[in-house]
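Shown next, in structure tokens, is the structure this report addresses.
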Amino acid sequence: MEQMALHVLAILNQPSADAPPHTPGAAPFAFADAAEPHLSVMDLGVTRGDGIFESISVGHGHAQALEHHLRRFASSAAKLDLPAPDLDAWREAILAAIVELEPGAESWVKTVLTRGVEGDGRPTGWVYAAHTSDFSQARTTGVRVVTLDRGYRHDVEQTSPWLLAGAKTLSYAVNRSVLREAHRRDADDVIFVSSDGFVLEGPTSSVVFRRGDRLLTPGTGLGILDGTTQANVFRYAESLGFTTGFELVTPDQLRSADAAWLVSSVRLAAPVRALDGAPFPVDAALTAGINEYLLALTD
Ligand code: PLP
């Protein structure tokens, strides 16, 4: 590529070492014009939402929590019985796409792996990089959140692994639908609650809350994503002297927290400023500290 680009697409030739390449002997990935169509209308990622993805923050040219994202990508693939992604090829494509992108303070990279065209046996994979939208308002003013029933028990991952709870699949129509429901309720975002009454995660974020000098999140194995941002927020909080940990809470228990955030790659930490229509306390100083820390991460 000769010119720095506003968005970059790299298509993997062999997304998984366990499946045949698209072009034998070709380089691990090739850049392509992101504005042009490339996907088959028969790709199972499109026709069935059968695939996985990751969204990775890029701050000042550095992919953040890259190894954690790659581990989660591989773990999602295993949950869907997809051929294991060749993480070296994906890492190389991600880093190369970032280099091609016109420098900007904040960008993001999306990796997508689908089962490919039905019967073909070759998964489809690509890396897309672009600049980030302006999330400054969500990061400072915060978000109004409603709790919505997800319809699964908090132990769904153990009882019914075929439901793929805890995998980052391409089937995000529900994650978008709940945002429309939030808007109908005059809110901006959602916290999912299990059918047996426990706080889980947002549709695109992890939930973190503060009680005094403890920073908490609901935990692992609850059919929710192992959040890369939550892990970094805990690292930052520990450096300030907070203790961090897991706590399974009901929405009523969450309401008595000193502060809460929806945290995710790209948008970073958005303080909850209203919960189910009632004002919620915002810890502006800690929020600013968390976002500064996340923006400055170099790995
Ligand atoms: N939970 C869900 C359902 C998500 O979609 C996301 C991110 O998109 C997260 C949690 C937060 O994960 P991360 O902090 O790794 O971006």
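Simple scheme: letters A, B, ... for chains in structure tokens order, numbers from 1 for residues in each chain, numbers from 1 for ligands in the order shown.
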
Problem - Those of range 85-214 of chain A in DSSP helix (DSSP H, G or I), formatted as number ranges by chain - result: A: 87-100, 136-140, 156-159, 161-163, 173-184

If you keep C-alpha atoms, can you produce a file of those selected residues as a PDB file, in the first residue's frame?
ATOM      1  CA  LEU A  87      -2.679 -17.057  16.044  1.00  0.00           C
ATOM      2  CA  ASP A  88       0.735 -16.211  14.547  1.00  0.00           C
ATOM      3  CA  ALA A  89      -0.891 -15.440  11.178  1.00  0.00           C
ATOM      4  CA  TRP A  90      -3.638 -13.385  12.847  1.00  0.00           C
ATOM      5  CA  ARG A  91      -1.152 -11.435  14.989  1.00  0.00           C
ATOM      6  CA  GLU A  92       0.947 -10.666  11.903  1.00  0.00           C
ATOM      7  CA  ALA A  93      -2.104  -9.455   9.949  1.00  0.00           C
ATOM      8  CA  ILE A  94      -3.335  -7.316  12.866  1.00  0.00           C
ATOM      9  CA  LEU A  95       0.033  -5.614  13.373  1.00  0.00           C
ATOM     10  CA  ALA A  96       0.466  -5.043   9.631  1.00  0.00           C
ATOM     11  CA  ALA A  97      -3.021  -3.520   9.301  1.00  0.00           C
ATOM     12  CA  ILE A  98      -2.259  -1.082  12.119  1.00  0.00           C
ATOM     13  CA  VAL A  99       0.948   0.020  10.387  1.00  0.00           C
ATOM     14  CA  GLU A 100      -1.017   0.777   7.194  1.00  0.00           C
ATOM     15  CA  SER A 136     -15.801  11.195  24.996  1.00  0.00           C
ATOM     16  CA  GLN A 137     -19.363  11.800  26.163  1.00  0.00           C
ATOM     17  CA  ALA A 138     -19.985   8.186  27.218  1.00  0.00           C
ATOM     18  CA  ARG A 139     -16.606   8.199  29.002  1.00  0.00           C
ATOM     19  CA  THR A 140     -17.315  11.348  30.999  1.00  0.00           C
ATOM     20  CA  VAL A 156     -25.844 -21.836  31.538  1.00  0.00           C
ATOM     21  CA  GLU A 157     -22.214 -22.254  30.450  1.00  0.00           C
ATOM     22  CA  GLN A 158     -21.951 -25.456  32.514  1.00  0.00           C
ATOM     23  CA  THR A 159     -25.477 -26.829  31.985  1.00  0.00           C
ATOM     24  CA  PRO A 161     -22.507 -25.324  26.531  1.00  0.00           C
ATOM     25  CA  TRP A 162     -24.176 -25.714  23.101  1.00  0.00           C
ATOM     26  CA  LEU A 163     -25.849 -22.329  23.677  1.00  0.00           C
ATOM     27  CA  ALA A 173     -28.656  -9.513  16.652  1.00  0.00           C
ATOM     28  CA  VAL A 174     -29.864  -9.937  20.252  1.00  0.00           C
ATOM     29  CA  ASN A 175     -27.075  -7.667  21.516  1.00  0.00           C
ATOM     30  CA  ARG A 176     -28.344  -4.991  19.109  1.00  0.00           C
ATOM     31  CA  SER A 177     -32.036  -5.623  19.821  1.00  0.00           C
ATOM     32  CA  VAL A 178     -31.578  -4.969  23.537  1.00  0.00           C
ATOM     33  CA  LEU A 179     -30.085  -1.551  22.727  1.00  0.00           C
ATOM     34  CA  ARG A 180     -33.261  -0.671  20.818  1.00  0.00           C
ATOM     35  CA  GLU A 181     -35.250  -1.800  23.863  1.00  0.00           C
ATOM     36  CA  ALA A 182     -33.035   0.417  26.040  1.00  0.00           C
ATOM     37  CA  HIS A 183     -33.760   3.385  23.747  1.00  0.00           C
ATOM     38  CA  ARG A 184     -37.497   2.680  23.996  1.00  0.00           C
TER      39      ARG A 184
END

Handout entry: Selection as a PyMOL selection string: residues within 6 Å of ligand 1 by only C-alpha atoms and all ligand atoms
Key = chain A and resi 201-206+225+227-230+263-265

Which residues are near Arg210 in chain A? Cut-off 6 Å, only C-alpha atoms, ignore same chain within fewer than 6 positions. Put them as a compact mmCIF listing (two decimals) with N, CA and C atoms, in the first residue's frame.
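Wrote it out as around20.txt, contents follow:
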# COMPACT_ATOMS: atom_id res chain seq x y z
N ALA A 257 -24.12 -0.05 45.14
CA ALA A 257 -22.67 0.16 44.92
C ALA A 257 -22.36 1.65 44.93
N ASP A 258 -21.08 1.98 45.15
CA ASP A 258 -20.66 3.39 45.18
C ASP A 258 -20.51 3.97 43.77
N ALA A 259 -20.26 3.10 42.80
CA ALA A 259 -20.15 3.51 41.39
C ALA A 259 -20.14 2.24 40.56

Handout entry: Shell around range 63-67 of chain A at 6 Å using only C-alpha atoms, local window under 4 positions removed, as a PyMOL selection string
Key = chain A and resi 57-58+299

Exercise for the section: Have a look at A:Ala34, A:Val145, A:Leu295, A:Val282 and name the one nearest to Arg267 in chain A; count only C-alpha atoms. Expected result: A:Leu295

So that I can see what lies close to Phe29 in chain A, please list as an mmCIF file with N, CA and C atoms, in the first residue's frame the residues with an atom at most 6 Å from it, counting only C-alpha atoms and leaving out residues fewer than 3 positions away in the same chain.
data_model
loop_
_atom_site.group_PDB
_atom_site.id
_atom_site.type_symbol
_atom_site.label_atom_id
_atom_site.label_comp_id
_atom_site.auth_asym_id
_atom_site.auth_seq_id
_atom_site.Cartn_x
_atom_site.Cartn_y
_atom_site.Cartn_z
ATOM 1 N N ILE A 11 -7.012 -9.792 4.313
ATOM 2 C CA ILE A 11 -7.741 -11.066 4.235
ATOM 3 C C ILE A 11 -6.751 -12.204 4.450
ATOM 4 N N LEU A 12 -7.097 -13.096 5.372
ATOM 5 C CA LEU A 12 -6.208 -14.211 5.700
ATOM 6 C C LEU A 12 -6.299 -15.285 4.613
ATOM 7 N N ASN A 13 -5.155 -15.785 4.197
ATOM 8 C CA ASN A 13 -5.147 -16.871 3.215
ATOM 9 C C ASN A 13 -5.447 -18.209 3.876
#

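Excluding Arg214 in chain A itself and same-chain residues fewer than 6 positions from it, the residues having an atom within 10 Å of it are A:Phe234, A:Ala237, A:Glu238, A:Gly241, A:Phe242, A:Thr243, A:Thr244, A:Gly245, A:Asp258, counting only C-alpha atoms.
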
Selection export as a compact mmCIF listing (two decimals), in the first residue's frame, atoms kept: C-alpha atoms:
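The file below, result-v9.txt, is the result:
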# COMPACT_ATOMS: atom_id res chain seq x y z
CA PHE A 234 -8.41 -4.28 37.74
CA ALA A 237 -7.19 -0.30 40.42
CA GLU A 238 -4.69 -2.60 42.16
CA GLY A 241 -4.39 0.21 46.29
CA PHE A 242 -7.87 -1.16 45.56
CA THR A 243 -8.57 -4.82 46.15
CA THR A 244 -10.28 -6.50 43.22
CA GLY A 245 -12.43 -9.58 42.98
CA ASP A 258 -20.66 3.39 45.18

Problem - CA of Gln14 in chain A to CA of Pro103 in chain A, distance in Å rounded to a single decimal - result: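 Distance between the two atoms: 28.1 Å.
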